[in-house]
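Novice: Dropping in target_26.txt, which is compact mmCIF, C-alpha atoms:
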```
# COMPACT_ATOMS: atom_id res chain seq x y z
CA MET A 1 5.21 36.88 -104.37
CA LEU A 2 1.49 36.22 -104.24
CA THR A 3 -1.00 38.98 -104.92
CA ASN A 4 -3.57 39.90 -102.29
CA LEU A 5 -6.26 38.21 -104.35
CA GLN A 6 -4.22 35.00 -104.48
CA LEU A 7 -3.70 35.15 -100.71
CA ILE A 8 -7.44 35.64 -100.19
CA LYS A 9 -8.22 32.66 -102.41
CA ASN A 10 -5.63 30.51 -100.59
CA TYR A 11 -7.16 31.57 -97.27
CA GLY A 12 -10.61 30.62 -98.54
CA MET A 13 -9.42 27.26 -99.82
CA ASP A 14 -7.83 26.52 -96.44
CA ILE A 15 -11.10 27.35 -94.69
CA GLU A 16 -13.07 25.05 -96.95
CA GLU A 17 -10.54 22.23 -96.56
CA CYS A 18 -10.21 22.37 -92.77
CA GLY A 19 -9.71 18.89 -91.36
CA GLU A 20 -8.51 17.42 -94.65
CA GLY A 21 -4.81 17.97 -93.99
CA SER A 22 -2.40 18.51 -91.17
CA PRO A 23 -3.41 20.94 -88.41
CA PHE A 24 0.03 22.50 -88.90
CA GLU A 25 -1.20 23.79 -92.27
CA LEU A 26 -3.85 25.81 -90.44
CA ILE A 27 -1.13 27.78 -88.67
CA ASN A 28 -0.16 29.03 -92.13
CA THR A 29 -3.82 29.97 -92.67
CA LEU A 30 -3.63 32.21 -89.59
CA ALA A 31 -0.42 33.78 -90.93
CA ILE A 32 -2.12 34.47 -94.27
CA ARG A 33 -4.99 36.16 -92.44
CA ASP A 34 -2.50 38.28 -90.47
CA THR A 35 -0.92 39.40 -93.75
CA LEU A 36 -4.31 40.23 -95.24
CA GLU A 37 -5.16 42.32 -92.19
CA GLU A 38 -1.93 44.28 -92.62
CA GLN A 39 -2.86 44.89 -96.26
CA TYR A 40 -6.58 45.50 -95.67
CA ASN A 41 -6.58 49.19 -96.65
CA LEU A 42 -4.86 48.28 -99.92
CA LEU A 43 -7.48 45.69 -100.89
CA SER A 44 -10.01 46.53 -103.56
CA VAL A 45 -13.70 46.58 -102.66
CA GLU A 46 -14.07 43.21 -104.38
CA GLU A 47 -11.16 41.74 -102.44
CA GLN A 48 -12.55 43.09 -99.15
CA SER A 49 -15.91 41.55 -99.98
CA LEU A 50 -14.36 38.17 -100.76
CA LEU A 51 -12.30 38.30 -97.56
CA TYR A 52 -15.48 39.10 -95.62
CA GLU A 53 -17.17 36.00 -97.05
CA TYR A 54 -14.26 33.77 -96.09
CA ASP A 55 -14.10 35.33 -92.62
CA ARG A 56 -17.82 34.69 -92.24
CA ARG A 57 -17.24 31.08 -93.19
CA LEU A 58 -14.41 30.80 -90.66
CA VAL A 59 -16.68 32.13 -87.92
CA GLU A 60 -19.33 29.58 -88.93
CA ARG A 61 -16.72 26.81 -88.68
CA ALA A 62 -14.96 28.18 -85.59
CA HIS A 63 -15.53 25.00 -83.53
CA GLU A 64 -14.06 22.83 -86.26
CA PHE A 65 -11.03 25.09 -86.68
CA TYR A 66 -10.53 25.34 -82.94
CA ASN A 67 -10.59 21.56 -82.57
CA GLU A 68 -8.00 21.10 -85.33
CA LEU A 69 -5.74 24.01 -84.38
CA SER A 70 -5.73 23.27 -80.66
CA LYS A 71 -3.74 20.11 -81.44
CA VAL A 72 -0.74 22.22 -82.48
CA TYR A 73 -1.40 25.89 -81.67
CA SER A 74 -1.48 27.83 -78.41
CA PHE A 75 -4.39 30.22 -78.28
CA GLN A 76 -2.71 31.85 -75.28
CA ASN A 77 -0.91 34.33 -77.52
CA GLN A 78 -0.15 38.03 -77.55
CA LYS A 79 -2.14 38.87 -80.67
CA PRO A 80 -4.60 41.76 -80.28
CA ILE A 81 -8.26 40.80 -80.02
CA THR A 82 -8.80 42.49 -83.36
CA HIS A 83 -6.98 39.44 -84.75
CA TRP A 84 -9.92 37.31 -83.73
CA TRP A 85 -8.81 34.38 -85.92
CA ALA A 86 -5.90 33.92 -83.48
CA HIS A 87 -8.39 33.70 -80.59
CA LEU A 88 -10.81 31.07 -81.82
CA ASP A 89 -10.93 29.66 -78.29
CA LYS A 90 -12.61 32.88 -77.14
CA VAL A 91 -14.88 32.91 -80.20
CA VAL A 92 -16.00 29.35 -79.51
CA ASN A 93 -16.70 29.93 -75.81
CA GLY A 94 -18.50 33.23 -76.47
CA ASP A 95 -15.97 35.52 -74.79
CA LEU A 96 -15.11 37.23 -78.07
CA VAL A 97 -17.94 38.55 -80.21
CA ILE A 98 -17.13 39.49 -83.79
CA ASP A 99 -18.96 42.05 -85.90
CA LEU A 100 -17.54 41.34 -89.34
CA ILE A 101 -19.64 43.94 -91.13
CA ASN A 102 -18.37 46.81 -88.97
CA ARG A 103 -14.93 45.20 -88.43
CA LYS A 104 -15.24 45.27 -84.65
CA THR A 105 -14.64 42.79 -81.86
CA HIS A 106 -16.09 42.77 -78.39
CA LEU A 107 -14.32 40.97 -75.53
CA ARG A 108 -16.40 39.92 -72.56
CA THR A 109 -14.54 39.67 -69.27
CA ASN A 110 -15.27 38.12 -65.89
CA THR A 111 -15.46 41.52 -64.22
CA ASN A 112 -18.59 42.48 -66.16
CA GLU A 113 -16.43 45.05 -67.88
CA ASP A 114 -16.60 44.80 -71.64
CA HIS A 115 -13.83 45.79 -74.00
CA ALA A 116 -14.43 46.68 -77.64
CA ALA A 117 -11.90 47.10 -80.39
CA THR A 118 -12.03 48.09 -84.02
CA LEU A 119 -10.16 46.14 -86.63
CA THR A 120 -7.59 48.37 -88.25
CA ALA A 121 -4.93 47.67 -90.79
```
Mind turning this structure into structure tokens?
Specialist:
Amino acid sequence: MLTNLQLIKNYGMDIEECGEGSPFELINTLAIRDTLEEQYNLLSVEEQSLLYEYDRRLVERAHEFYNELSKVYSFQNQKPITHWWAHLDKVVNGDLVIDLINRKTHLRTNTNEDHAATLTA
């Protein structure tokens, strides 16, 4: 079984290599991120910092990831908005705002009613 640090490094490598392989491989990247979220409170400060950097990079490359993943992945899923990586369609179109530093997401809706959530493990 991989350690959390190994999972974080694999996640980071997948982010950097987006578009170089099959889009199906990116589904595994989302699963890795789900696992890391479940383990977040068990991560060391260094691991949390590294995960933050890779998350920041994913947000920067959200359009690229969305374009690749949308070939094989349905963004119409039941994941909570705190799992923003599973909702890159909303990130790309501006409906989901992510505050990585404070681990919060903010969902904009058509009814002018905003919904905020805090990322929790």
Novice: Neighbouring residues of A:Val92 were defined as those with any atom within 9 Å, considering all atoms listed in the file; residues of the same chain fewer than 4 positions away were excluded. Please report them as number ranges by chain.
Specialist: A: 59, 62-63, 66, 87-88, 96
Novice: Which residue out of A:Asp95, A:Glu16, A:Glu37, A:Glu25 has the minimum interatomic distance to A:Lys71 when all atoms listed in the file are used?
Specialist: A:Glu25
Novice: I'd like the interatomic distance between atom CA of A:Thr82 and atom CA of A:Arg103, to a tenth of an Å.
Specialist: 8.4 Å
Novice: Taking only C-alpha atoms into account, name the residue in A:Cys18, A:Val45, A:Val97, A:Met13 that is nearest to A:Ile81.
Specialist: A:Val97
Novice: Mind pulling up the distance from atom CA of A:His83 to atom CA of A:Lys104?
Specialist: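 Distance between the two atoms: 10.1 Å.
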